[in-house]
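The file entry-v7.cif contains mmCIF, C-alpha atoms:
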```
data_query
#
loop_
_atom_site.label_atom_id
_atom_site.label_comp_id
_atom_site.auth_asym_id
_atom_site.auth_seq_id
_atom_site.Cartn_x
_atom_site.Cartn_y
_atom_site.Cartn_z
CA MET A 1 0.00 0.00 0.00
CA GLN A 2 1.13 3.55 -0.80
CA THR A 3 1.49 5.98 2.09
CA ALA A 4 1.46 9.76 2.43
CA GLU A 5 1.39 12.29 5.24
CA VAL A 6 -1.43 14.20 3.51
CA VAL A 7 -3.77 13.10 0.72
CA ILE A 8 -5.62 15.88 -1.12
CA ILE A 9 -8.74 14.77 -3.00
CA GLY A 10 -9.14 17.12 -5.98
CA GLY A 11 -6.45 18.53 -8.24
CA GLY A 12 -8.14 21.80 -9.17
CA ILE A 13 -6.83 25.21 -8.15
CA VAL A 14 -7.85 24.80 -4.49
CA GLY A 15 -6.22 21.39 -4.06
CA SER A 16 -3.14 22.59 -5.93
CA SER A 17 -2.82 25.68 -3.71
CA ILE A 18 -3.11 23.55 -0.58
CA ALA A 19 -0.36 21.26 -1.92
CA TYR A 20 1.88 24.27 -2.65
CA HIS A 21 1.35 25.80 0.79
CA LEU A 22 1.96 22.49 2.58
CA LEU A 23 5.23 21.93 0.69
CA HIS A 24 6.25 25.55 1.21
CA ALA A 25 5.71 25.11 4.96
CA GLY A 26 7.92 22.02 5.02
CA CYS A 27 5.44 19.14 4.71
CA LYS A 28 7.11 17.02 2.02
CA ASP A 29 4.89 13.93 1.81
CA VAL A 30 1.80 15.12 -0.08
CA LEU A 31 -0.26 13.19 -2.64
CA VAL A 32 -2.88 14.91 -4.80
CA LEU A 33 -5.62 12.75 -6.32
CA GLU A 34 -7.20 13.93 -9.60
CA ARG A 35 -9.95 11.75 -11.00
CA GLU A 36 -9.69 13.14 -14.55
CA THR A 37 -6.97 12.52 -17.15
CA ALA A 38 -5.81 16.11 -16.67
CA GLN A 39 -6.18 18.85 -14.09
CA GLY A 40 -8.65 21.69 -14.55
CA LYS A 41 -11.54 19.77 -16.10
CA GLY A 42 -13.84 20.68 -13.20
CA SER A 43 -14.78 24.20 -12.13
CA THR A 44 -11.24 25.64 -12.33
CA GLY A 45 -11.02 25.44 -16.11
CA LYS A 46 -14.48 26.96 -16.52
CA SER A 47 -14.05 29.91 -14.16
CA MET A 48 -14.38 33.56 -15.18
CA GLY A 49 -11.10 34.22 -13.36
CA GLY A 50 -12.13 37.33 -11.48
CA VAL A 51 -10.35 38.36 -8.27
CA ARG A 52 -11.69 41.06 -5.98
CA ALA A 53 -11.53 42.36 -2.44
CA GLN A 54 -14.87 44.15 -2.73
CA PHE A 55 -16.85 41.82 -0.46
CA SER A 56 -19.34 42.53 2.31
CA THR A 57 -18.01 40.28 5.10
CA PRO A 58 -14.69 40.75 6.91
CA VAL A 59 -13.59 37.12 6.48
CA ASN A 60 -13.99 37.24 2.67
CA ILE A 61 -12.19 40.59 2.55
CA GLN A 62 -9.33 39.14 4.64
CA MET A 63 -9.02 36.14 2.30
CA SER A 64 -8.82 38.52 -0.68
CA LEU A 65 -6.21 40.66 1.06
CA TYR A 66 -3.94 37.61 1.16
CA SER A 67 -4.90 36.18 -2.24
CA ILE A 68 -4.67 39.23 -4.51
CA PRO A 69 -1.13 40.30 -3.48
CA PHE A 70 -0.19 36.63 -3.79
CA TYR A 71 -1.40 36.61 -7.40
CA ALA A 72 0.38 39.92 -8.03
CA SER A 73 3.68 38.29 -7.02
CA PHE A 74 2.82 34.81 -8.32
CA GLU A 75 5.50 34.51 -10.99
CA GLU A 76 8.16 35.90 -8.65
CA ARG A 77 7.19 33.36 -5.96
CA LEU A 78 6.59 30.27 -8.07
CA GLY A 79 8.43 30.87 -11.33
CA HIS A 80 5.21 30.41 -13.32
CA PRO A 81 2.78 33.01 -14.73
CA CYS A 82 -0.84 33.39 -13.59
CA ASP A 83 -1.65 36.35 -15.87
CA TYR A 84 -2.87 38.64 -13.07
CA ARG A 85 -4.30 41.78 -14.64
CA PRO A 86 -5.23 44.52 -12.13
CA GLN A 87 -7.88 46.19 -14.29
CA GLY A 88 -10.28 46.57 -11.38
CA TYR A 89 -13.89 45.84 -10.56
CA LEU A 90 -16.47 48.58 -11.07
CA PHE A 91 -19.81 48.18 -9.30
CA CYS A 92 -22.44 50.43 -10.89
CA ALA A 93 -25.22 51.40 -8.48
CA THR A 94 -28.66 52.25 -9.86
CA SER A 95 -30.35 53.17 -6.56
CA GLU A 96 -29.54 54.91 -3.30
CA ARG A 97 -29.93 51.53 -1.57
CA HIS A 98 -27.12 50.15 -3.74
CA LEU A 99 -24.93 53.16 -2.91
CA THR A 100 -25.52 52.81 0.83
CA TYR A 101 -24.63 49.13 0.54
CA LEU A 102 -21.40 49.83 -1.37
CA ARG A 103 -20.45 52.58 1.07
CA SER A 104 -20.96 50.24 4.04
CA ASN A 105 -18.84 47.58 2.34
CA GLN A 106 -16.14 50.11 1.51
CA GLU A 107 -15.88 51.16 5.17
CA LYS A 108 -15.27 47.52 6.18
CA GLN A 109 -12.77 47.04 3.35
CA ILE A 110 -10.74 50.13 4.29
CA ALA A 111 -10.85 49.25 8.01
CA LEU A 112 -9.29 45.87 7.18
CA GLY A 113 -6.50 47.45 5.14
CA LEU A 114 -7.72 47.67 1.54
CA GLN A 115 -6.16 50.86 0.21
CA ASN A 116 -7.35 51.14 -3.37
CA VAL A 117 -11.15 51.10 -3.11
CA ARG A 118 -13.04 54.34 -3.72
CA MET A 119 -16.57 55.54 -4.24
CA LEU A 120 -17.44 57.16 -7.57
CA SER A 121 -20.24 59.48 -8.62
CA GLY A 122 -22.51 58.75 -11.55
CA VAL A 123 -20.83 61.60 -13.41
CA GLU A 124 -17.40 60.03 -12.89
CA ILE A 125 -18.56 56.62 -14.14
CA ARG A 126 -20.18 58.14 -17.23
CA GLY A 127 -16.94 60.03 -17.85
CA MET A 128 -14.88 56.83 -17.61
CA PHE A 129 -17.05 54.86 -20.04
CA SER A 130 -19.18 56.94 -22.38
CA GLN A 131 -20.42 53.72 -24.02
CA LEU A 132 -22.31 52.73 -20.85
CA ARG A 133 -25.94 53.76 -20.63
CA GLY A 134 -25.56 55.82 -17.49
CA ASP A 135 -28.85 57.71 -17.09
CA ASP A 136 -29.77 55.55 -14.05
CA ILE A 137 -26.25 55.09 -12.60
CA VAL A 138 -26.14 57.12 -9.38
CA GLY A 139 -22.61 56.11 -8.40
CA GLY A 140 -20.52 53.09 -7.66
CA SER A 141 -17.33 51.68 -6.22
CA PHE A 142 -14.05 50.84 -7.90
CA CYS A 143 -10.94 49.00 -6.70
CA SER A 144 -7.88 49.15 -8.92
CA THR A 145 -6.18 46.05 -7.50
CA ASP A 146 -9.18 43.84 -8.26
CA GLY A 147 -8.96 42.21 -11.67
CA PHE A 148 -8.51 38.85 -13.36
CA VAL A 149 -6.17 35.87 -13.43
CA ASP A 150 -5.92 32.84 -15.69
CA PRO A 151 -7.22 30.05 -13.41
CA TYR A 152 -5.65 27.23 -15.42
CA SER A 153 -2.20 28.84 -15.40
CA ALA A 154 -2.41 29.51 -11.65
CA MET A 155 -3.44 25.90 -10.97
CA ILE A 156 -0.57 24.55 -13.07
CA GLY A 157 1.84 26.96 -11.37
CA PHE A 158 0.82 25.78 -7.89
CA MET A 159 0.99 22.08 -8.81
CA THR A 160 4.25 22.34 -10.77
CA TRP A 161 6.00 24.07 -7.86
CA ALA A 162 4.60 21.51 -5.43
CA SER A 163 5.69 18.61 -7.68
CA ASP A 164 9.15 20.09 -8.09
CA HIS A 165 9.44 20.15 -4.29
CA GLY A 166 8.28 16.62 -3.60
CA ALA A 167 4.50 16.40 -3.98
CA LYS A 168 3.01 13.59 -6.05
CA LEU A 169 0.03 13.90 -8.41
CA TRP A 170 -2.06 10.89 -9.39
CA LYS A 171 -4.29 11.47 -12.41
CA ASN A 172 -7.10 9.06 -13.33
CA ALA A 173 -7.45 8.42 -9.59
CA ALA A 174 -11.12 8.56 -8.66
CA VAL A 175 -11.82 7.96 -4.97
CA ALA A 176 -14.05 4.96 -4.27
CA ALA A 177 -13.94 4.78 -0.46
CA ILE A 178 -12.45 6.43 2.62
CA LYS A 179 -11.96 4.28 5.71
CA ARG A 180 -10.80 5.34 9.15
CA LEU A 181 -8.32 2.86 10.63
CA GLY A 182 -7.02 3.91 14.04
CA CYS A 183 -5.33 7.28 13.62
CA ALA A 184 -4.98 6.99 9.83
CA PHE A 185 -7.18 6.82 6.74
CA GLU A 186 -7.23 4.33 3.91
CA VAL A 187 -8.27 6.04 0.68
CA GLU A 188 -9.27 3.59 -2.03
CA THR A 189 -8.83 4.90 -5.57
CA THR A 190 -8.96 3.52 -9.07
CA ARG A 191 -5.15 3.60 -9.01
CA GLY A 192 -4.79 1.72 -5.74
CA THR A 193 -5.13 2.35 -2.02
CA VAL A 194 -3.16 4.93 -0.07
CA SER A 195 -2.80 5.29 3.69
CA ALA A 196 -2.57 8.81 5.11
CA LYS A 197 -2.67 10.52 8.48
CA LYS A 198 -4.60 13.46 7.07
CA VAL A 199 -7.05 13.76 4.16
CA VAL A 200 -8.26 16.99 2.55
CA ASN A 201 -11.55 17.15 0.67
CA ALA A 202 -10.96 19.65 -2.17
CA ALA A 203 -13.42 18.03 -4.57
CA GLY A 204 -15.24 21.17 -5.66
CA ALA A 205 -18.86 20.71 -6.68
CA TRP A 206 -18.52 16.98 -5.92
CA ALA A 207 -17.39 17.57 -2.33
CA ALA A 208 -20.58 16.34 -0.62
CA SER A 209 -20.25 12.81 -2.01
CA VAL A 210 -16.57 12.65 -0.98
CA ALA A 211 -17.45 13.86 2.53
CA GLN A 212 -20.18 11.23 2.72
CA MET A 213 -17.52 8.52 2.29
CA ALA A 214 -15.95 9.75 5.52
CA GLY A 215 -19.30 9.93 7.30
CA VAL A 216 -19.55 13.73 7.05
CA GLN A 217 -22.73 15.54 5.96
CA LEU A 218 -21.66 18.55 3.90
CA PRO A 219 -24.18 21.26 2.89
CA VAL A 220 -22.61 21.88 -0.52
CA GLU A 221 -24.57 21.62 -3.76
CA PRO A 222 -23.71 22.35 -7.39
CA LEU A 223 -25.25 25.28 -9.25
CA ARG A 224 -24.71 25.84 -12.97
CA ARG A 225 -23.27 29.13 -14.17
CA MET A 226 -23.02 29.89 -17.88
CA LEU A 227 -20.49 32.17 -19.57
CA VAL A 228 -20.65 33.68 -23.04
CA PRO A 229 -17.49 34.90 -24.80
CA THR A 230 -17.96 37.27 -27.70
CA GLU A 231 -16.17 37.42 -31.03
CA PRO A 232 -13.55 40.21 -31.41
CA PHE A 233 -15.14 43.61 -30.66
CA ASP A 234 -13.36 46.97 -30.63
CA ASP A 235 -16.12 49.47 -29.77
CA PHE A 236 -15.55 49.18 -26.02
CA PRO A 237 -12.11 49.61 -24.40
CA HIS A 238 -10.18 46.45 -23.60
CA THR A 239 -8.57 48.23 -20.67
CA ALA A 240 -11.96 48.14 -18.92
CA PRO A 241 -12.44 46.55 -15.49
CA MET A 242 -15.00 43.93 -14.60
CA ILE A 243 -18.18 46.01 -14.80
CA ILE A 244 -21.18 44.97 -12.70
CA ASP A 245 -24.68 46.29 -13.36
CA MET A 246 -26.24 46.16 -9.90
CA SER A 247 -29.75 46.55 -11.30
CA ASN A 248 -29.76 42.94 -12.51
CA GLY A 249 -26.36 41.38 -11.80
CA PHE A 250 -25.14 41.37 -15.41
CA HIS A 251 -21.36 41.73 -15.55
CA PHE A 252 -18.64 41.55 -18.16
CA ARG A 253 -14.92 41.94 -18.65
CA PRO A 254 -12.44 42.07 -21.53
CA GLU A 255 -11.24 38.68 -22.75
CA SER A 256 -8.72 38.35 -25.55
CA ARG A 257 -10.00 40.61 -28.36
CA GLY A 258 -13.61 40.33 -27.24
CA PHE A 259 -15.52 40.27 -23.96
CA LEU A 260 -16.74 37.65 -21.52
CA LEU A 261 -20.37 38.05 -20.47
CA ALA A 262 -21.89 36.65 -17.27
CA TRP A 263 -25.23 36.75 -15.49
CA ASN A 264 -26.65 34.71 -12.64
CA ASP A 265 -30.02 33.47 -13.91
CA PRO A 266 -32.32 33.51 -10.84
CA GLU A 267 -34.35 30.67 -12.37
CA GLU A 268 -31.36 28.29 -12.32
CA THR A 269 -31.81 25.28 -10.03
CA ALA A 270 -29.23 23.15 -8.23
CA GLY A 271 -27.85 20.04 -9.89
CA PHE A 272 -24.96 18.61 -11.89
CA LYS A 273 -25.91 20.39 -15.11
CA THR A 274 -22.85 21.12 -17.21
CA ASP A 275 -24.52 21.56 -20.60
CA PHE A 276 -24.81 25.06 -22.07
CA GLU A 277 -28.37 26.14 -22.91
CA ALA A 278 -28.57 28.10 -26.15
CA SER A 279 -31.57 30.08 -24.86
CA PHE A 280 -29.27 31.73 -22.31
CA ILE A 281 -27.56 33.74 -25.08
CA GLU A 282 -30.65 35.82 -25.81
CA LYS A 283 -31.22 36.45 -22.10
CA ILE A 284 -27.70 37.75 -21.56
CA LEU A 285 -27.47 39.76 -24.80
CA ILE A 286 -30.66 41.63 -23.90
CA ARG A 287 -29.08 42.72 -20.62
CA ALA A 288 -25.74 43.47 -22.30
CA ALA A 289 -27.28 45.75 -24.93
CA ASP A 290 -29.46 47.47 -22.32
CA ARG A 291 -26.43 48.55 -20.27
CA VAL A 292 -23.96 48.96 -23.17
CA PRO A 293 -25.93 50.00 -26.28
CA VAL A 294 -22.96 49.33 -28.62
CA PHE A 295 -23.19 45.69 -27.50
CA GLU A 296 -26.22 45.42 -29.80
CA ASN A 297 -23.59 44.69 -32.44
CA LEU A 298 -21.84 41.91 -30.49
CA ALA A 299 -21.25 38.69 -32.40
CA VAL A 300 -21.47 35.47 -30.36
CA ASN A 301 -20.65 31.91 -31.41
CA PRO A 302 -22.80 29.57 -29.25
CA LYS A 303 -20.27 26.78 -29.74
CA ARG A 304 -17.68 28.80 -27.78
CA ALA A 305 -19.96 29.39 -24.78
CA TRP A 306 -19.75 27.07 -21.79
CA ALA A 307 -21.24 26.10 -18.44
CA GLY A 308 -19.48 25.33 -15.17
CA LEU A 309 -20.50 24.59 -11.61
CA TYR A 310 -20.43 26.76 -8.53
CA GLU A 311 -20.24 24.81 -5.24
CA MET A 312 -22.82 26.57 -3.09
CA THR A 313 -23.22 26.66 0.68
CA PRO A 314 -26.28 28.08 2.46
CA ASP A 315 -24.43 31.25 3.49
CA HIS A 316 -22.21 31.66 0.40
CA HIS A 317 -19.03 31.19 2.46
CA PRO A 318 -16.62 28.29 2.20
CA ILE A 319 -16.32 25.47 4.72
CA LEU A 320 -12.72 25.27 5.91
CA GLY A 321 -11.02 23.16 8.55
CA GLU A 322 -11.24 19.82 10.32
CA ALA A 323 -14.56 17.98 10.17
CA PRO A 324 -16.26 17.63 13.58
CA GLY A 325 -15.96 14.09 14.91
CA VAL A 326 -13.54 12.97 12.19
CA PRO A 327 -10.05 14.06 13.28
CA GLY A 328 -7.62 14.32 10.40
CA PHE A 329 -10.33 14.83 7.75
CA PHE A 330 -10.12 18.43 6.52
CA LEU A 331 -12.57 20.39 4.38
CA ALA A 332 -11.88 23.04 1.72
CA ASN A 333 -15.29 23.28 0.09
CA GLY A 334 -18.27 25.41 -0.86
CA PHE A 335 -16.60 28.52 -2.28
CA SER A 336 -19.84 29.67 -3.92
CA GLY A 337 -18.07 31.10 -6.97
CA HIS A 338 -14.99 32.43 -5.17
CA GLY A 339 -12.70 29.39 -5.33
CA VAL A 340 -10.21 30.81 -7.82
CA MET A 341 -9.94 34.22 -6.18
CA HIS A 342 -9.54 32.74 -2.69
CA ALA A 343 -7.38 29.73 -3.61
CA PRO A 344 -4.13 31.27 -2.26
CA ALA A 345 -5.73 32.12 1.11
CA THR A 346 -7.39 28.72 1.29
CA GLY A 347 -4.06 26.98 0.75
CA LYS A 348 -2.46 29.05 3.51
CA ILE A 349 -5.34 28.52 5.97
CA LEU A 350 -5.55 24.75 5.41
CA SER A 351 -1.78 24.37 5.61
CA ASP A 352 -1.70 26.33 8.88
CA LEU A 353 -4.57 24.35 10.40
CA MET A 354 -3.12 20.98 9.41
CA LEU A 355 0.45 21.70 10.50
CA THR A 356 -0.02 23.95 13.56
CA GLY A 357 -3.70 23.71 14.54
CA SER A 358 -4.37 27.43 14.07
CA THR A 359 -4.07 30.25 11.53
CA SER A 360 -3.57 34.00 11.89
CA LEU A 361 -5.01 34.82 8.49
CA ILE A 362 -8.67 34.64 9.59
CA ASP A 363 -10.76 33.55 12.57
CA ALA A 364 -11.05 29.98 11.29
CA ARG A 365 -14.03 29.20 13.52
CA LEU A 366 -16.15 31.53 11.36
CA LEU A 367 -15.82 29.10 8.43
CA ASP A 368 -16.00 25.74 10.18
CA LEU A 369 -18.65 23.15 9.36
CA ALA A 370 -20.18 23.33 12.85
CA ARG A 371 -21.48 26.86 12.19
CA PHE A 372 -24.52 25.49 10.36
CA ALA A 373 -25.64 23.24 13.22
CA GLU A 374 -24.87 25.94 15.78
CA GLY A 375 -26.64 28.78 13.97
CA ARG A 376 -23.47 30.84 13.37
CA THR A 377 -23.84 31.41 9.63
CA ILE A 378 -22.55 34.64 8.09
CA HIS A 379 -24.10 35.70 4.82
CA GLU A 380 -22.13 37.12 1.90
CA THR A 381 -24.38 39.39 -0.15
CA ALA A 382 -21.79 40.51 -2.73
CA VAL A 383 -22.14 37.35 -4.83
CA LEU A 384 -21.82 37.41 -8.62
#
```

Translate the structure of the given file into structure tokens.
Amino acid sequence: MQTAEVVIIGGGIVGSSIAYHLLHAGCKDVLVLERETAQGKGSTGKSMGGVRAQFSTPVNIQMSLYSIPFYASFEERLGHPCDYRPQGYLFCATSERHLTYLRSNQEKQIALGLQNVRMLSGVEIRGMFSQLRGDDIVGGSFCSTDGFVDPYSAMIGFMTWASDHGAKLWKNAAVAAIKRLGCAFEVETTRGTVSAKKVVNAAGAWAASVAQMAGVQLPVEPLRRMLVPTEPFDDFPHTAPMIIDMSNGFHFRPESRGFLLAWNDPEETAGFKTDFEASFIEKILIRAADRVPVFENLAVNPKRAWAGLYEMTPDHHPILGEAPGVPGFFLANGFSGHGVMHAPATGKILSDLMLTGSTSLIDARLLDLARFAEGRTIHETAVL
């Protein structure tokens, strides 16, 4: 039987970051299990790649304050690119309620150390982007260090560095069972069985079924999100930030020579739906042209659009840390759309908790699994 100090189930960006941080902290015996033939076939490779610190809860802001500077220095640290582009996030408010909400968030963000977030007037936003329909925009917030990364490149960077420093990666290794034997686990996979003192569930949208194998009930469920890339389009600046229309949640950012369009359809229901629905294109183009009239001329190839899965928790915060009643079984699940942007912080937090029992990055108890049973949930409202 193979042995490892730590087995990480899931080779996406979260599992890869945990592997990197463990190796960086001196834990050499790490095995990552990836059920697919290649990494990034789950949610990582289908992510929009946005990174932002403009959240509404302190714990999410703190995770961003570690993750975004990490991405900014990624190539220097790891010797691999992640294509971090600090083009910003611009939230466009269309009501005084939105403005009050953004102002309240900004106060929390600044109090926690975010230096580059500022409130804008409607006049300023219209001056920045004359192509936006701005008659109903009363103001907004902008942070210049928010932006985008290439999730696939970041994942490969984390895993390559970890592999170069002693971690092992098993591909085509689907987990079939997890058994607790004394103070160790036996993890049965399609590539054989491995014994480990500690196991990390980083299985993304499939995390609940992995947790079930260890006797843990995990309130994580998959929710489809669809993304629509456009054909090359030059009538809107490619230096633009991620722009969010708060009236309906439509948002978009530059991507290659075109743009990437996103919108959270409120009629979407939970489930492992990974097919792209062609009817979604009309829904999103209507909202795109309403906010950016020149987008009436956008060309879209439905064959290039795709769907991926968010891993949702009831309070839109991740579940991090050791599972109650199952010592040695650690959770890194339920990022609710923020897995890529918070992958660096997650790796640091899990590494700290596994190796030292505590972390200074956040109050880890806020994100433990027990919060649901104990009525300690904290709700993130700035969800895209």

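Using only C-alpha atoms, the protein and nucleic acid residues lying no more than 8 Å from Ala203 (chain A), apart from those fewer than 4 places from it along its own chain, are A:Ile9, A:Gly10, A:Gly11, A:Gly12, A:Gly15, A:Ala207, A:Val210, A:Asn333.
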
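Atom pair CA of Ala211 (chain A) / CA of His338 (chain A): separated by 20.3 Å.
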
Protein and nucleic acid residues near (-5.7, 30.3, -14.4) (cut-off 9 Å, all atoms listed in the file) as a tab-separated table (two decimals) with C-alpha atoms, in the coordinates of the input:
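Result saved to part_19.tsv:
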```tsv
chain	number	residue	atom	x	y	z
A	13	ILE	CA	-6.83	25.21	-8.15
A	44	THR	CA	-11.24	25.64	-12.33
A	45	GLY	CA	-11.02	25.44	-16.11
A	47	SER	CA	-14.05	29.91	-14.16
A	49	GLY	CA	-11.10	34.22	-13.36
A	81	PRO	CA	2.78	33.01	-14.73
A	82	CYS	CA	-0.84	33.39	-13.59
A	83	ASP	CA	-1.65	36.35	-15.87
A	84	TYR	CA	-2.87	38.64	-13.07
A	149	VAL	CA	-6.17	35.87	-13.43
A	150	ASP	CA	-5.92	32.84	-15.69
A	151	PRO	CA	-7.22	30.05	-13.41
A	152	TYR	CA	-5.65	27.23	-15.42
A	153	SER	CA	-2.20	28.84	-15.40
A	154	ALA	CA	-2.41	29.51	-11.65
A	155	MET	CA	-3.44	25.90	-10.97
A	156	ILE	CA	-0.57	24.55	-13.07
A	157	GLY	CA	1.84	26.96	-11.37
A	340	VAL	CA	-10.21	30.81	-7.82
```

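Of the listed residues (A:Ile286, A:Arg126, A:Leu33, A:Arg224), A:Leu33 comes nearest to Gly192 (chain A); the distances count all atoms listed in the file.
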
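Among the candidates A:Val300, A:Leu181, A:Val14, A:Ala278, the one nearest to Glu231 (chain A) when counting all atoms listed in the file is A:Val300.
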
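Minimum atom-to-atom distance to Lys348 (chain A), evaluated using all atoms listed in the file, belongs to A:Gly321 out of A:Thr160, A:Phe329, A:Gly321, A:Thr190.
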
Quick one: which residues end up in the PyMOL selection byres ((chain A and resi 351) around 12) for this structure, as a PDB file with C-alpha atoms, in the frame of the given file?
```
ATOM      1  CA  VAL A   6      -1.430  14.200   3.510  1.00  0.00           C
ATOM      2  CA  ILE A   8      -5.620  15.880  -1.120  1.00  0.00           C
ATOM      3  CA  VAL A  14      -7.850  24.800  -4.490  1.00  0.00           C
ATOM      4  CA  GLY A  15      -6.220  21.390  -4.060  1.00  0.00           C
ATOM      5  CA  SER A  16      -3.140  22.590  -5.930  1.00  0.00           C
ATOM      6  CA  SER A  17      -2.820  25.680  -3.710  1.00  0.00           C
ATOM      7  CA  ILE A  18      -3.110  23.550  -0.580  1.00  0.00           C
ATOM      8  CA  ALA A  19      -0.360  21.260  -1.920  1.00  0.00           C
ATOM      9  CA  TYR A  20       1.880  24.270  -2.650  1.00  0.00           C
ATOM     10  CA  HIS A  21       1.350  25.800   0.790  1.00  0.00           C
ATOM     11  CA  LEU A  22       1.960  22.490   2.580  1.00  0.00           C
ATOM     12  CA  LEU A  23       5.230  21.930   0.690  1.00  0.00           C
ATOM     13  CA  HIS A  24       6.250  25.550   1.210  1.00  0.00           C
ATOM     14  CA  ALA A  25       5.710  25.110   4.960  1.00  0.00           C
ATOM     15  CA  GLY A  26       7.920  22.020   5.020  1.00  0.00           C
ATOM     16  CA  CYS A  27       5.440  19.140   4.710  1.00  0.00           C
ATOM     17  CA  VAL A  30       1.800  15.120  -0.080  1.00  0.00           C
ATOM     18  CA  LYS A 198      -4.600  13.460   7.070  1.00  0.00           C
ATOM     19  CA  VAL A 199      -7.050  13.760   4.160  1.00  0.00           C
ATOM     20  CA  VAL A 200      -8.260  16.990   2.550  1.00  0.00           C
ATOM     21  CA  LEU A 320     -12.720  25.270   5.910  1.00  0.00           C
ATOM     22  CA  GLY A 321     -11.020  23.160   8.550  1.00  0.00           C
ATOM     23  CA  GLU A 322     -11.240  19.820  10.320  1.00  0.00           C
ATOM     24  CA  PHE A 330     -10.120  18.430   6.520  1.00  0.00           C
ATOM     25  CA  LEU A 331     -12.570  20.390   4.380  1.00  0.00           C
ATOM     26  CA  ALA A 332     -11.880  23.040   1.720  1.00  0.00           C
ATOM     27  CA  PRO A 344      -4.130  31.270  -2.260  1.00  0.00           C
ATOM     28  CA  ALA A 345      -5.730  32.120   1.110  1.00  0.00           C
ATOM     29  CA  THR A 346      -7.390  28.720   1.290  1.00  0.00           C
ATOM     30  CA  GLY A 347      -4.060  26.980   0.750  1.00  0.00           C
ATOM     31  CA  LYS A 348      -2.460  29.050   3.510  1.00  0.00           C
ATOM     32  CA  ILE A 349      -5.340  28.520   5.970  1.00  0.00           C
ATOM     33  CA  LEU A 350      -5.550  24.750   5.410  1.00  0.00           C
ATOM     34  CA  ASP A 352      -1.700  26.330   8.880  1.00  0.00           C
ATOM     35  CA  LEU A 353      -4.570  24.350  10.400  1.00  0.00           C
ATOM     36  CA  MET A 354      -3.120  20.980   9.410  1.00  0.00           C
ATOM     37  CA  LEU A 355       0.450  21.700  10.500  1.00  0.00           C
ATOM     38  CA  THR A 356      -0.020  23.950  13.560  1.00  0.00           C
ATOM     39  CA  GLY A 357      -3.700  23.710  14.540  1.00  0.00           C
ATOM     40  CA  SER A 358      -4.370  27.430  14.070  1.00  0.00           C
ATOM     41  CA  THR A 359      -4.070  30.250  11.530  1.00  0.00           C
ATOM     42  CA  SER A 360      -3.570  34.000  11.890  1.00  0.00           C
ATOM     43  CA  LEU A 361      -5.010  34.820   8.490  1.00  0.00           C
TER      44      LEU A 361
END
```

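When the distance limit is 12 Å and only C-alpha atoms are what count, the residues near Ser279 (chain A), minus those fewer than 6 positions from it on the same chain, are Met226, Val228, Asp265, Leu285, Ile286, Pro302 and Ala305 of chain A.
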
Suppose we keep C-alpha atoms; can you now write the selection as an mmCIF file, in the frame of the given file?
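result_27.cif written:
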```
data_model
loop_
_atom_site.group_PDB
_atom_site.id
_atom_site.type_symbol
_atom_site.label_atom_id
_atom_site.label_comp_id
_atom_site.auth_asym_id
_atom_site.auth_seq_id
_atom_site.Cartn_x
_atom_site.Cartn_y
_atom_site.Cartn_z
ATOM 1 C CA MET A 226 -23.020 29.890 -17.880
ATOM 2 C CA VAL A 228 -20.650 33.680 -23.040
ATOM 3 C CA ASP A 265 -30.020 33.470 -13.910
ATOM 4 C CA LEU A 285 -27.470 39.760 -24.800
ATOM 5 C CA ILE A 286 -30.660 41.630 -23.900
ATOM 6 C CA PRO A 302 -22.800 29.570 -29.250
ATOM 7 C CA ALA A 305 -19.960 29.390 -24.780
#
```

Which residues, named as in the file, does the PyMOL selection byres ((chain A and resi 217) around 12) pick out? Answer as a PDB file with C-alpha atoms, in the frame of the given file.
```pdb
ATOM      1  CA  ALA A 207     -17.390  17.570  -2.330  1.00  0.00           C
ATOM      2  CA  ALA A 208     -20.580  16.340  -0.620  1.00  0.00           C
ATOM      3  CA  SER A 209     -20.250  12.810  -2.010  1.00  0.00           C
ATOM      4  CA  VAL A 210     -16.570  12.650  -0.980  1.00  0.00           C
ATOM      5  CA  ALA A 211     -17.450  13.860   2.530  1.00  0.00           C
ATOM      6  CA  GLN A 212     -20.180  11.230   2.720  1.00  0.00           C
ATOM      7  CA  MET A 213     -17.520   8.520   2.290  1.00  0.00           C
ATOM      8  CA  ALA A 214     -15.950   9.750   5.520  1.00  0.00           C
ATOM      9  CA  GLY A 215     -19.300   9.930   7.300  1.00  0.00           C
ATOM     10  CA  VAL A 216     -19.550  13.730   7.050  1.00  0.00           C
ATOM     11  CA  LEU A 218     -21.660  18.550   3.900  1.00  0.00           C
ATOM     12  CA  PRO A 219     -24.180  21.260   2.890  1.00  0.00           C
ATOM     13  CA  VAL A 220     -22.610  21.880  -0.520  1.00  0.00           C
ATOM     14  CA  GLU A 221     -24.570  21.620  -3.760  1.00  0.00           C
ATOM     15  CA  ILE A 319     -16.320  25.470   4.720  1.00  0.00           C
ATOM     16  CA  ALA A 323     -14.560  17.980  10.170  1.00  0.00           C
ATOM     17  CA  PRO A 324     -16.260  17.630  13.580  1.00  0.00           C
ATOM     18  CA  GLY A 325     -15.960  14.090  14.910  1.00  0.00           C
ATOM     19  CA  VAL A 326     -13.540  12.970  12.190  1.00  0.00           C
ATOM     20  CA  LEU A 331     -12.570  20.390   4.380  1.00  0.00           C
ATOM     21  CA  LEU A 369     -18.650  23.150   9.360  1.00  0.00           C
ATOM     22  CA  ALA A 370     -20.180  23.330  12.850  1.00  0.00           C
ATOM     23  CA  PHE A 372     -24.520  25.490  10.360  1.00  0.00           C
ATOM     24  CA  ALA A 373     -25.640  23.240  13.220  1.00  0.00           C
TER      25      ALA A 373
END
```
